[in-house]
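To keep things clear, I will list the structure first and then write my remarks on it.
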2 protein chains.
Amino acid sequence: MNAPQLPPGSVGLVEAKKAAFADPLQLTSGAVLPQFEIAYETYGKLNAARSNAVLVCHALNASHHVAGSYADDPANIGWWDNLVGPGKPLDTNRFFVVGNNYIGSCFGSTGPASPNPATGKPWGADFPVVTVEDWVAAQARLADRLGIERFAALIGGSLGAMQALQWTLSFPQRVRHAVVIAATPRLSAQNIAFNEVARQAIMTDPDFHGGHYYDHGVVPRRGLRIARMIGHITYLSDDAMMEKFGRVLRGKSGPGFGFDIDFEIESYLRHQGDKFASYFDANTYLRITKALDYYDPAAEFGGDLAAALARARAAFLVISFTSDWRFASARSREIVKALLEARRIVSYIEVNATQGHDAFLMDDARYHGALRAYFENIAL
Amino acid sequence: MNAPQLPPGSVGLVEAKKAAFADPLQLTSGAVLPQFEIAYETYGKLNAARSNAVLVCHALNASHHVAGSYADDPANIGWWDNLVGPGKPLDTNRFFVVGNNYIGSCFGSTGPASPNPATGKPWGADFPVVTVEDWVAAQARLADRLGIERFAALIGGSLGAMQALQWTLSFPQRVRHAVVIAATPRLSAQNIAFNEVARQAIMTDPDFHGGHYYDHGVVPRRGLRIARMIGHITYLSDDAMMEKFGRVLRGKSGPGFGFDIDFEIESYLRHQGDKFASYFDANTYLRITKALDYYDPAAEFGGDLAAALARARAAFLVISFTSDWRFASARSREIVKALLEARRIVSYIEVNATQGHDAFLMDDARYHGALRAYFENIAL
């Protein structure tokens, strides 16, 4: 069971587990999910006081597989492996770290591709639209199952940060610290616009079949591909893209005067699009973008974010990145300002980084140094 | 022939004309366009010295119809009518203004939907990829036809600005002033990336038929729609979009928890996409974006823009807009810096504007004031 190929600091070989919940889950939309499963992984050990648990929340394209790798698939390294492990900033020698796949996703938790108990066939278009609040409610069931009354910390980037933030509002007493990275308290019109174009690309693909493509043995590959290409542009900064690809031509010395690939950036985007379309579920994509669009904790307080955040009891670490134009630093500062107005405890760091929104996944010394210091100071 | 419905300052009713050229046009790609037509309009009168002509160059979606309206279609006002007319900043009492539709477009000049003389059927996918340099070469033929040896000024925004800039390089002696607005000396990797997603949306639409959709009696409407939606996001600033649409729901008091329209911004984008797909030619879209991607006057000078611009003889006015993130002010400053290094005459204005890239079309007092002053100072 040892994994000699894994670098020092790795959690080693891990196992994905599933927790099944037979009690119905009442959703924000009014719909009810009659039963559901959550895929999860754990790293480190829950201490006797049960005070060292950290829940990691993922963004659009990741999963419960946060760290380590699998015996039967050693190349499949967890998506935040650079952060989580023994001696790493989120140190599994101290913390019991839980990765989870939110409901509606397509990596093991119940989602549109799962069988609908009413029909035995995939839910497809009939799977309800779930919200960030619903994800958090389902995650709370997982916490109950694992015997975690209160988390030492919630942590997430982007959409994951929304979950961490929402935990402090849905279950104020169950979160001691919230680490909110590359976040926004709500999408801007431009953010919604990008999501809508991606959805329209998927929904107008003739292979979408109104969301019941499973029954037709096809997937709306063209739409997913376009959706992912658009997404990728928003994850990277203009500068990072220029630095990485520039105007370098791919395998040619001059323009091709046709519609094959001319530039490296075109090759990169097509490749990312093709890869994504080969494994990601289109109905999941549609629902995740809607959850993003809808999320707005201030809405029920007439837009007053400070009033909305006043019920949080956690201490916060908010981190943003200078080159992130998807959820710019100004959006994080809205959260910080509201927390201060609500007299909550908050630290804020703006990291100088060229990578854009995706910087939250990077192994940056200042960024990881800040996270390490924050976690070291969490008393267990 | 009077047009009482037109506001004061309008050029009034105008007529679109066509100039046919029987001599082949050698294109940058190596291909030859055997013959072509250019659609154009003129406003004001060419003076006896033929020294007052101004050529207006358009961007992606506009045409030769720059000002005024048509007797048989009075609601069809020219796209830059707020700028061009008697007493307006580009004053047709002084200047002879020429609007033109570049070749490869779909508003009257020869393009992919035009008959291929070799077959009698639409060119479709066989229409060559034309470049900014090719557009300028074709426009020079139009200038010859109109008896214009030398333009008082070239003016254009965005892609139109690239044409104005290229005129000063292709025909240095034929341009006295170049007004280069919301420009870039070459696309960034991000700019190319957005173009590539739009092209992929069109080319993977099953109704594209490899560009020969005319033969099938269909158009790749889905792809065009997505392309336009993406484009629109890049034309507006995040702030302008937030100001105009915010997170306002359309005709509902709460989220719909489905995939119909929730937010106003979604309605706007779908509407823009549908409208565009009903009239714009997909093969034209593909070719214009390639012309944009390829344009890079510094390329043959090893990336040295100053060396490239040294052959210009025109005086320049460069204008950029603070909220333009498609072609940011930094891109215009690259042009200004290179012109200064090349010891050319250049004025530069950065206009404080919230509208993003589309600001070049707006009726902004400071912006139009600067243009008015510049044109007033052009000696005739």
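Following the order of the structure tokens, first chain is A, next is B, and so on, with residues numbered from 1 inside each chain and ligands from 1 in the order they appear.
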Residues of chain A at most 7 Å from chain B: nearest atom pair and distance in Å, only C-alpha atoms, as a tab-separated table:
```
residue	atom	partner	partner_atom	distance
A:Ser29	CA	B:Phe257	CA	6.1
A:Val129	CA	B:Phe257	CA	5.5
A:Ser188	CA	B:Met242	CA	6.4
A:Ala189	CA	B:Met242	CA	5.3
A:Gln190	CA	B:Asp238	CA	5.5
A:Ala193	CA	B:Glu266	CA	6.4
A:Glu196	CA	B:Glu266	CA	6.3
A:Val197	CA	B:Ile226	CA	6.4
A:Ala201	CA	B:Ile226	CA	6.4
A:Thr204	CA	B:Arg222	CA	6.6
A:Arg222	CA	B:Thr204	CA	6.6
A:Ile226	CA	B:Val197	CA	6.4
A:Met229	CA	B:Val197	CA	6.4
A:Ile230	CA	B:Val197	CA	6.8
A:Ile233	CA	B:Gln190	CA	6.9
A:Asp238	CA	B:Gln190	CA	5.5
A:Met241	CA	B:Ala189	CA	5.9
A:Met242	CA	B:Ala189	CA	5.2
A:Phe245	CA	B:Ala189	CA	6.6
A:Gly246	CA	B:Ala189	CA	5.4
A:Arg247	CA	B:Ala189	CA	6.1
A:Pro255	CA	B:Tyr294	CA	6.9
A:Phe257	CA	B:Val129	CA	5.5
A:Gly258	CA	B:Val129	CA	6.6
A:Ile265	CA	B:Ala189	CA	6.4
A:Glu266	CA	B:Glu196	CA	6.3
A:Tyr294	CA	B:Pro255	CA	6.9
```
Give me the residues near Asp23 (chain B) as a list in words, where near means some atom within 9 Å (using only C-alpha atoms) and where sequence neighbours in that chain fewer than 2 positions away do not count. Phe21, Leu25, Leu33, Pro34, Gln35 and Phe36 of chain B
Take the residues that were just selected and, keeping N, CA, C and O atoms, output them as a PDB file, in the first residue's frame.
```pdb
ATOM      1  N   PHE B  21     -15.051  46.493 -60.377  1.00  0.00           N
ATOM      2  CA  PHE B  21     -13.660  46.488 -60.830  1.00  0.00           C
ATOM      3  C   PHE B  21     -13.384  45.178 -61.561  1.00  0.00           C
ATOM      4  O   PHE B  21     -13.487  44.097 -60.979  1.00  0.00           O
ATOM      5  N   LEU B  25      -7.638  41.301 -58.434  1.00  0.00           N
ATOM      6  CA  LEU B  25      -6.961  41.841 -57.254  1.00  0.00           C
ATOM      7  C   LEU B  25      -6.084  40.746 -56.651  1.00  0.00           C
ATOM      8  O   LEU B  25      -6.575  39.696 -56.235  1.00  0.00           O
ATOM      9  N   LEU B  33      -8.472  37.580 -56.611  1.00  0.00           N
ATOM     10  CA  LEU B  33      -9.907  37.810 -56.762  1.00  0.00           C
ATOM     11  C   LEU B  33     -10.098  38.320 -58.189  1.00  0.00           C
ATOM     12  O   LEU B  33      -9.630  39.412 -58.531  1.00  0.00           O
ATOM     13  N   PRO B  34     -10.783  37.535 -59.045  1.00  0.00           N
ATOM     14  CA  PRO B  34     -10.785  37.872 -60.478  1.00  0.00           C
ATOM     15  C   PRO B  34     -11.468  39.201 -60.784  1.00  0.00           C
ATOM     16  O   PRO B  34     -11.080  39.903 -61.719  1.00  0.00           O
ATOM     17  N   GLN B  35     -12.479  39.547 -60.014  1.00  0.00           N
ATOM     18  CA  GLN B  35     -13.206  40.798 -60.196  1.00  0.00           C
ATOM     19  C   GLN B  35     -13.943  41.071 -58.900  1.00  0.00           C
ATOM     20  O   GLN B  35     -14.142  40.162 -58.103  1.00  0.00           O
ATOM     21  N   PHE B  36     -14.327  42.310 -58.662  1.00  0.00           N
ATOM     22  CA  PHE B  36     -15.048  42.589 -57.414  1.00  0.00           C
ATOM     23  C   PHE B  36     -15.805  43.901 -57.508  1.00  0.00           C
ATOM     24  O   PHE B  36     -15.528  44.746 -58.370  1.00  0.00           O
TER      25      PHE B  36
END
```
Might you pull out every residue within 8 Å of Ala314 (chain A), with only C-alpha atoms counted and same-chain residues fewer than 6 positions away left off, and present them as an MDAnalysis selection string? chainID A and resid 168 172:173 175:178 344:345
Emit the selected residues as a compact mmCIF listing (two decimals), in the first residue's frame, including N, CA and C atoms.
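This is the output file selection39.txt:
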```
# COMPACT_ATOMS: atom_id res chain seq x y z
N THR A 168 -21.01 29.56 6.43
CA THR A 168 -21.00 30.46 7.60
C THR A 168 -22.37 31.10 7.83
N PRO A 172 -24.02 28.84 11.00
CA PRO A 172 -23.03 29.72 11.64
C PRO A 172 -22.25 29.03 12.77
N GLN A 173 -22.92 28.15 13.51
CA GLN A 173 -22.28 27.53 14.67
C GLN A 173 -21.36 26.38 14.29
N VAL A 175 -18.98 26.40 11.84
CA VAL A 175 -17.77 26.82 11.11
C VAL A 175 -16.96 27.76 11.99
N ARG A 176 -15.71 27.40 12.28
CA ARG A 176 -14.84 28.31 13.04
C ARG A 176 -14.10 29.28 12.13
N HIS A 177 -13.66 28.77 10.98
CA HIS A 177 -12.92 29.62 10.04
C HIS A 177 -13.40 29.36 8.62
N ALA A 178 -13.46 30.43 7.84
CA ALA A 178 -13.83 30.28 6.42
C ALA A 178 -12.73 30.92 5.57
N ARG A 344 -17.32 41.43 11.88
CA ARG A 344 -16.79 40.06 11.89
C ARG A 344 -15.26 40.15 11.86
N ILE A 345 -14.61 39.04 12.20
CA ILE A 345 -13.13 38.97 12.15
C ILE A 345 -12.73 38.57 10.74
```
Could you write out, as a PDB file with N, CA, C and O atoms, in the first residue's frame, all the residues of region 291-335 of chain B that DSSP marks as strand (DSSP E)?
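Output below, filename states09.pdb:
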```pdb
ATOM      1  N   ALA B 315      -0.205  62.482 -40.396  1.00  0.00           N
ATOM      2  CA  ALA B 315      -0.288  62.868 -38.990  1.00  0.00           C
ATOM      3  C   ALA B 315      -1.391  62.011 -38.367  1.00  0.00           C
ATOM      4  O   ALA B 315      -2.375  61.678 -39.036  1.00  0.00           O
ATOM      5  N   PHE B 316      -1.220  61.681 -37.096  1.00  0.00           N
ATOM      6  CA  PHE B 316      -2.145  60.748 -36.454  1.00  0.00           C
ATOM      7  C   PHE B 316      -2.896  61.378 -35.287  1.00  0.00           C
ATOM      8  O   PHE B 316      -2.323  62.162 -34.525  1.00  0.00           O
ATOM      9  N   LEU B 317      -4.167  60.993 -35.160  1.00  0.00           N
ATOM     10  CA  LEU B 317      -4.911  61.201 -33.924  1.00  0.00           C
ATOM     11  C   LEU B 317      -5.314  59.815 -33.429  1.00  0.00           C
ATOM     12  O   LEU B 317      -6.011  59.079 -34.132  1.00  0.00           O
ATOM     13  N   VAL B 318      -4.834  59.460 -32.249  1.00  0.00           N
ATOM     14  CA  VAL B 318      -5.153  58.158 -31.659  1.00  0.00           C
ATOM     15  C   VAL B 318      -6.064  58.404 -30.460  1.00  0.00           C
ATOM     16  O   VAL B 318      -5.779  59.262 -29.622  1.00  0.00           O
ATOM     17  N   ILE B 319      -7.176  57.671 -30.403  1.00  0.00           N
ATOM     18  CA  ILE B 319      -8.137  57.833 -29.303  1.00  0.00           C
ATOM     19  C   ILE B 319      -8.459  56.465 -28.712  1.00  0.00           C
ATOM     20  O   ILE B 319      -8.747  55.513 -29.445  1.00  0.00           O
ATOM     21  N   SER B 320      -8.396  56.380 -27.400  1.00  0.00           N
ATOM     22  CA  SER B 320      -8.803  55.140 -26.731  1.00  0.00           C
ATOM     23  C   SER B 320      -9.773  55.473 -25.599  1.00  0.00           C
ATOM     24  O   SER B 320      -9.946  56.639 -25.247  1.00  0.00           O
ATOM     25  N   PHE B 321     -10.381  54.436 -25.043  1.00  0.00           N
ATOM     26  CA  PHE B 321     -11.405  54.616 -24.009  1.00  0.00           C
ATOM     27  C   PHE B 321     -11.034  53.821 -22.758  1.00  0.00           C
ATOM     28  O   PHE B 321     -10.666  52.648 -22.851  1.00  0.00           O
TER      29      PHE B 321
END
```
Residue nearest Asn76 (chain A) - candidates A:Ile148, A:Ala307, A:Leu13, A:Ala49, atoms counted: only C-alpha atoms: A:Leu13
Can you list, as a PyMOL selection string, all residues belonging to region 71-274 of chain A that DSSP tags as alpha helix (DSSP H)? chain A and resi 132-146+159-170+189-203+221-235+238-244+264-274
Name all residues at most 10 Å from region 362-365 of chain B (count only C-alpha atoms; drop same-chain ones fewer than 2 positions away) and give them as a list in words.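 The contact residues come out as Trp80, Asp81, Asn82, Leu83, Val351, Asn352, Ala353, Gln355, Asp358, Ala359, Phe360, Tyr367, His368, Gly369, Ala370 and Leu371 of chain B.
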Just checking: using only C-alpha atoms, which residue out of A:Asn47, A:Gly68, A:Ala338, A:Phe171 ends up closest to Arg150 (chain A)?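 Answer, going by the shortest atom-to-atom distance: A:Phe171.
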Can you tell me which residues surround Glu15 (chain B) at a distance of at most 9 Å, considering only C-alpha atoms, apart from same-chain residues fewer than 6 positions away, and format the answer as an NGL selection string? :B and (40-42 or 65 or 69-71)
Spatial neighbours of region 87-104 of chain B, 7 Å, only C-alpha atoms, chain gap at least 6 places, as an mmCIF file with N, CA, C and O atoms, in the first residue's frame:
```cif
data_model
loop_
_atom_site.group_PDB
_atom_site.id
_atom_site.type_symbol
_atom_site.label_atom_id
_atom_site.label_comp_id
_atom_site.auth_asym_id
_atom_site.auth_seq_id
_atom_site.Cartn_x
_atom_site.Cartn_y
_atom_site.Cartn_z
ATOM 1 N N GLY B 9 -28.827 68.505 -38.957
ATOM 2 C CA GLY B 9 -27.475 67.951 -38.922
ATOM 3 C C GLY B 9 -27.364 66.646 -39.679
ATOM 4 O O GLY B 9 -26.283 66.121 -39.871
ATOM 5 N N ILE B 38 -17.360 47.131 -54.932
ATOM 6 C CA ILE B 38 -17.372 47.751 -53.609
ATOM 7 C C ILE B 38 -18.623 48.610 -53.485
ATOM 8 O O ILE B 38 -18.889 49.453 -54.350
ATOM 9 N N ALA B 39 -19.393 48.352 -52.426
ATOM 10 C CA ALA B 39 -20.549 49.203 -52.119
ATOM 11 C C ALA B 39 -20.044 50.425 -51.363
ATOM 12 O O ALA B 39 -19.176 50.301 -50.499
ATOM 13 N N TYR B 40 -20.574 51.587 -51.711
ATOM 14 C CA TYR B 40 -20.107 52.803 -51.035
ATOM 15 C C TYR B 40 -21.196 53.863 -51.035
ATOM 16 O O TYR B 40 -22.195 53.761 -51.752
ATOM 17 N N GLU B 41 -21.001 54.862 -50.207
ATOM 18 C CA GLU B 41 -21.868 56.035 -50.174
ATOM 19 C C GLU B 41 -20.969 57.254 -50.032
ATOM 20 O O GLU B 41 -19.855 57.143 -49.512
ATOM 21 N N THR B 42 -21.478 58.401 -50.461
ATOM 22 C CA THR B 42 -20.710 59.640 -50.265
ATOM 23 C C THR B 42 -21.629 60.720 -49.713
ATOM 24 O O THR B 42 -22.831 60.727 -49.982
ATOM 25 N N TYR B 43 -21.035 61.598 -48.914
ATOM 26 C CA TYR B 43 -21.768 62.702 -48.288
ATOM 27 C C TYR B 43 -20.936 63.967 -48.442
ATOM 28 O O TYR B 43 -19.721 63.933 -48.233
ATOM 29 N N GLY B 44 -21.579 65.068 -48.769
ATOM 30 C CA GLY B 44 -20.842 66.310 -49.030
ATOM 31 C C GLY B 44 -20.297 66.287 -50.457
ATOM 32 O O GLY B 44 -20.619 65.389 -51.248
ATOM 33 N N LYS B 45 -19.480 67.265 -50.782
ATOM 34 C CA LYS B 45 -18.988 67.389 -52.161
ATOM 35 C C LYS B 45 -17.470 67.409 -52.216
ATOM 36 O O LYS B 45 -16.815 68.074 -51.400
ATOM 37 N N LEU B 46 -16.941 66.705 -53.173
ATOM 38 C CA LEU B 46 -15.499 66.764 -53.403
ATOM 39 C C LEU B 46 -15.184 68.160 -53.937
ATOM 40 O O LEU B 46 -15.809 68.617 -54.905
ATOM 41 N N ASN B 52 -10.474 67.382 -49.982
ATOM 42 C CA ASN B 52 -11.310 67.302 -48.782
ATOM 43 C C ASN B 52 -11.968 65.944 -48.568
ATOM 44 O O ASN B 52 -12.973 65.840 -47.872
ATOM 45 N N ALA B 53 -11.400 64.905 -49.158
ATOM 46 C CA ALA B 53 -12.034 63.585 -49.039
ATOM 47 C C ALA B 53 -11.610 62.869 -47.754
ATOM 48 O O ALA B 53 -10.440 62.898 -47.373
ATOM 49 N N VAL B 54 -12.587 62.259 -47.100
ATOM 50 C CA VAL B 54 -12.341 61.466 -45.885
ATOM 51 C C VAL B 54 -12.946 60.082 -46.091
ATOM 52 O O VAL B 54 -14.134 59.967 -46.413
ATOM 53 N N LEU B 55 -12.146 59.061 -45.916
ATOM 54 C CA LEU B 55 -12.647 57.694 -46.047
ATOM 55 C C LEU B 55 -12.945 57.131 -44.659
ATOM 56 O O LEU B 55 -12.075 57.124 -43.782
ATOM 57 N N VAL B 56 -14.195 56.678 -44.490
ATOM 58 C CA VAL B 56 -14.615 56.072 -43.226
ATOM 59 C C VAL B 56 -14.553 54.551 -43.369
ATOM 60 O O VAL B 56 -15.138 53.992 -44.311
ATOM 61 N N CYS B 57 -13.850 53.900 -42.450
ATOM 62 C CA CYS B 57 -13.707 52.440 -42.493
ATOM 63 C C CYS B 57 -14.511 51.822 -41.356
ATOM 64 O O CYS B 57 -14.495 52.324 -40.235
ATOM 65 N N SER B 63 -21.219 48.890 -42.233
ATOM 66 C CA SER B 63 -21.192 48.860 -43.692
ATOM 67 C C SER B 63 -20.800 50.224 -44.228
ATOM 68 O O SER B 63 -20.354 51.108 -43.501
ATOM 69 N N HIS B 64 -21.022 50.389 -45.530
ATOM 70 C CA HIS B 64 -20.832 51.672 -46.216
ATOM 71 C C HIS B 64 -21.882 52.704 -45.808
ATOM 72 O O HIS B 64 -21.729 53.880 -46.106
ATOM 73 N N HIS B 65 -22.949 52.263 -45.147
ATOM 74 C CA HIS B 65 -24.036 53.179 -44.791
ATOM 75 C C HIS B 65 -23.689 53.888 -43.480
ATOM 76 O O HIS B 65 -24.141 53.509 -42.406
ATOM 77 N N VAL B 66 -22.907 54.962 -43.610
ATOM 78 C CA VAL B 66 -22.336 55.658 -42.458
ATOM 79 C C VAL B 66 -23.294 56.708 -41.899
ATOM 80 O O VAL B 66 -23.393 56.884 -40.691
ATOM 81 N N THR B 110 -18.324 42.570 -52.811
ATOM 82 C CA THR B 110 -18.123 41.164 -53.150
ATOM 83 C C THR B 110 -17.634 40.379 -51.936
ATOM 84 O O THR B 110 -16.692 40.782 -51.253
ATOM 85 N N GLY B 111 -18.313 39.271 -51.679
ATOM 86 C CA GLY B 111 -17.971 38.444 -50.526
ATOM 87 C C GLY B 111 -18.374 37.001 -50.763
ATOM 88 O O GLY B 111 -18.761 36.633 -51.886
ATOM 89 N N PRO B 112 -18.308 36.188 -49.716
ATOM 90 C CA PRO B 112 -18.582 34.752 -49.865
ATOM 91 C C PRO B 112 -19.979 34.429 -50.403
ATOM 92 O O PRO B 112 -20.164 33.381 -51.025
ATOM 93 N N VAL B 130 -9.306 37.141 -46.913
ATOM 94 C CA VAL B 130 -8.726 38.445 -47.243
ATOM 95 C C VAL B 130 -8.174 39.092 -45.985
ATOM 96 O O VAL B 130 -8.582 38.754 -44.871
ATOM 97 N N TRP B 135 -8.086 44.694 -48.000
ATOM 98 C CA TRP B 135 -9.192 45.660 -47.946
ATOM 99 C C TRP B 135 -8.697 47.021 -48.405
ATOM 100 O O TRP B 135 -9.374 47.715 -49.165
ATOM 101 N N THR B 284 -18.571 35.280 -43.967
ATOM 102 C CA THR B 284 -17.989 36.606 -43.750
ATOM 103 C C THR B 284 -17.428 36.702 -42.332
ATOM 104 O O THR B 284 -16.312 37.184 -42.128
ATOM 105 N N HIS B 368 -16.370 63.580 -29.066
ATOM 106 C CA HIS B 368 -16.751 64.270 -30.299
ATOM 107 C C HIS B 368 -16.121 65.655 -30.378
ATOM 108 O O HIS B 368 -15.790 66.128 -31.467
ATOM 109 N N LEU B 371 -12.702 65.176 -31.757
ATOM 110 C CA LEU B 371 -12.743 64.899 -33.199
ATOM 111 C C LEU B 371 -13.069 66.173 -33.982
ATOM 112 O O LEU B 371 -12.457 66.461 -35.023
ATOM 113 N N ARG B 372 -14.019 66.932 -33.477
ATOM 114 C CA ARG B 372 -14.407 68.184 -34.140
ATOM 115 C C ARG B 372 -13.189 69.118 -34.261
ATOM 116 O O ARG B 372 -12.895 69.640 -35.334
ATOM 117 N N PHE B 375 -10.671 67.767 -36.856
ATOM 118 C CA PHE B 375 -11.087 67.951 -38.257
ATOM 119 C C PHE B 375 -11.091 69.429 -38.641
ATOM 120 O O PHE B 375 -10.750 69.786 -39.771
#
```
Find, counting only C-alpha atoms, the residue in B:Val346, B:Ala137, B:Val32, B:Leu146 that gets nearest to Lys18 (chain B).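 Result for the nearest residue to Lys18 (chain B): B:Leu146.
Close contacts of Ala62 (chain A), defined as residues with an atom at most 9 Å away when counting only C-alpha atoms, with chain neighbours fewer than 5 positions off set aside, comprise Gly78, Trp79, Asn101 and Phe107 of chain A.
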For the residues selected in the previous step, produce a file with all heavy atoms as a PDB file, in the first residue's frame.
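So the final result, stored in selection-v2.pdb, reads:
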```
ATOM      1  N   GLY A  78      -4.880  14.406  -7.042  1.00  0.00           N
ATOM      2  CA  GLY A  78      -5.938  15.308  -6.586  1.00  0.00           C
ATOM      3  C   GLY A  78      -5.701  16.745  -7.053  1.00  0.00           C
ATOM      4  O   GLY A  78      -4.557  17.173  -7.224  1.00  0.00           O
ATOM      5  N   TRP A  79      -6.791  17.491  -7.241  1.00  0.00           N
ATOM      6  CA  TRP A  79      -6.708  18.810  -7.891  1.00  0.00           C
ATOM      7  C   TRP A  79      -6.061  19.880  -6.996  1.00  0.00           C
ATOM      8  O   TRP A  79      -5.596  20.893  -7.491  1.00  0.00           O
ATOM      9  CB  TRP A  79      -8.084  19.265  -8.367  1.00  0.00           C
ATOM     10  CG  TRP A  79      -9.125  19.401  -7.288  1.00  0.00           C
ATOM     11  CD1 TRP A  79      -9.948  18.417  -6.837  1.00  0.00           C
ATOM     12  CD2 TRP A  79      -9.449  20.574  -6.528  1.00  0.00           C
ATOM     13  NE1 TRP A  79     -10.759  18.899  -5.837  1.00  0.00           N
ATOM     14  CE2 TRP A  79     -10.485  20.226  -5.629  1.00  0.00           C
ATOM     15  CE3 TRP A  79      -8.983  21.890  -6.521  1.00  0.00           C
ATOM     16  CZ2 TRP A  79     -11.054  21.128  -4.732  1.00  0.00           C
ATOM     17  CZ3 TRP A  79      -9.544  22.797  -5.622  1.00  0.00           C
ATOM     18  CH2 TRP A  79     -10.558  22.414  -4.747  1.00  0.00           C
ATOM     19  N   ASN A 101     -17.768  15.996  -3.402  1.00  0.00           N
ATOM     20  CA  ASN A 101     -18.313  16.351  -4.709  1.00  0.00           C
ATOM     21  C   ASN A 101     -19.755  16.808  -4.476  1.00  0.00           C
ATOM     22  O   ASN A 101     -20.558  16.072  -3.905  1.00  0.00           O
ATOM     23  CB  ASN A 101     -18.278  15.104  -5.607  1.00  0.00           C
ATOM     24  CG  ASN A 101     -18.730  15.330  -7.045  1.00  0.00           C
ATOM     25  OD1 ASN A 101     -19.404  14.491  -7.626  1.00  0.00           O
ATOM     26  ND2 ASN A 101     -18.357  16.455  -7.623  1.00  0.00           N
ATOM     27  N   PHE A 107     -19.192  13.557 -10.820  1.00  0.00           N
ATOM     28  CA  PHE A 107     -17.999  12.776 -10.475  1.00  0.00           C
ATOM     29  C   PHE A 107     -18.264  11.760  -9.368  1.00  0.00           C
ATOM     30  O   PHE A 107     -17.341  11.326  -8.689  1.00  0.00           O
ATOM     31  CB  PHE A 107     -16.851  13.712 -10.094  1.00  0.00           C
ATOM     32  CG  PHE A 107     -16.401  14.586 -11.222  1.00  0.00           C
ATOM     33  CD1 PHE A 107     -16.649  15.954 -11.220  1.00  0.00           C
ATOM     34  CD2 PHE A 107     -15.750  14.032 -12.312  1.00  0.00           C
ATOM     35  CE1 PHE A 107     -16.239  16.758 -12.274  1.00  0.00           C
ATOM     36  CE2 PHE A 107     -15.331  14.813 -13.371  1.00  0.00           C
ATOM     37  CZ  PHE A 107     -15.576  16.187 -13.357  1.00  0.00           C
TER      38      PHE A 107
END
```
To one decimal in Å, tell me the separation between CA of Phe208 (chain B) and CA of Asn283 (chain B).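 A separation of 9.1 Å between them.
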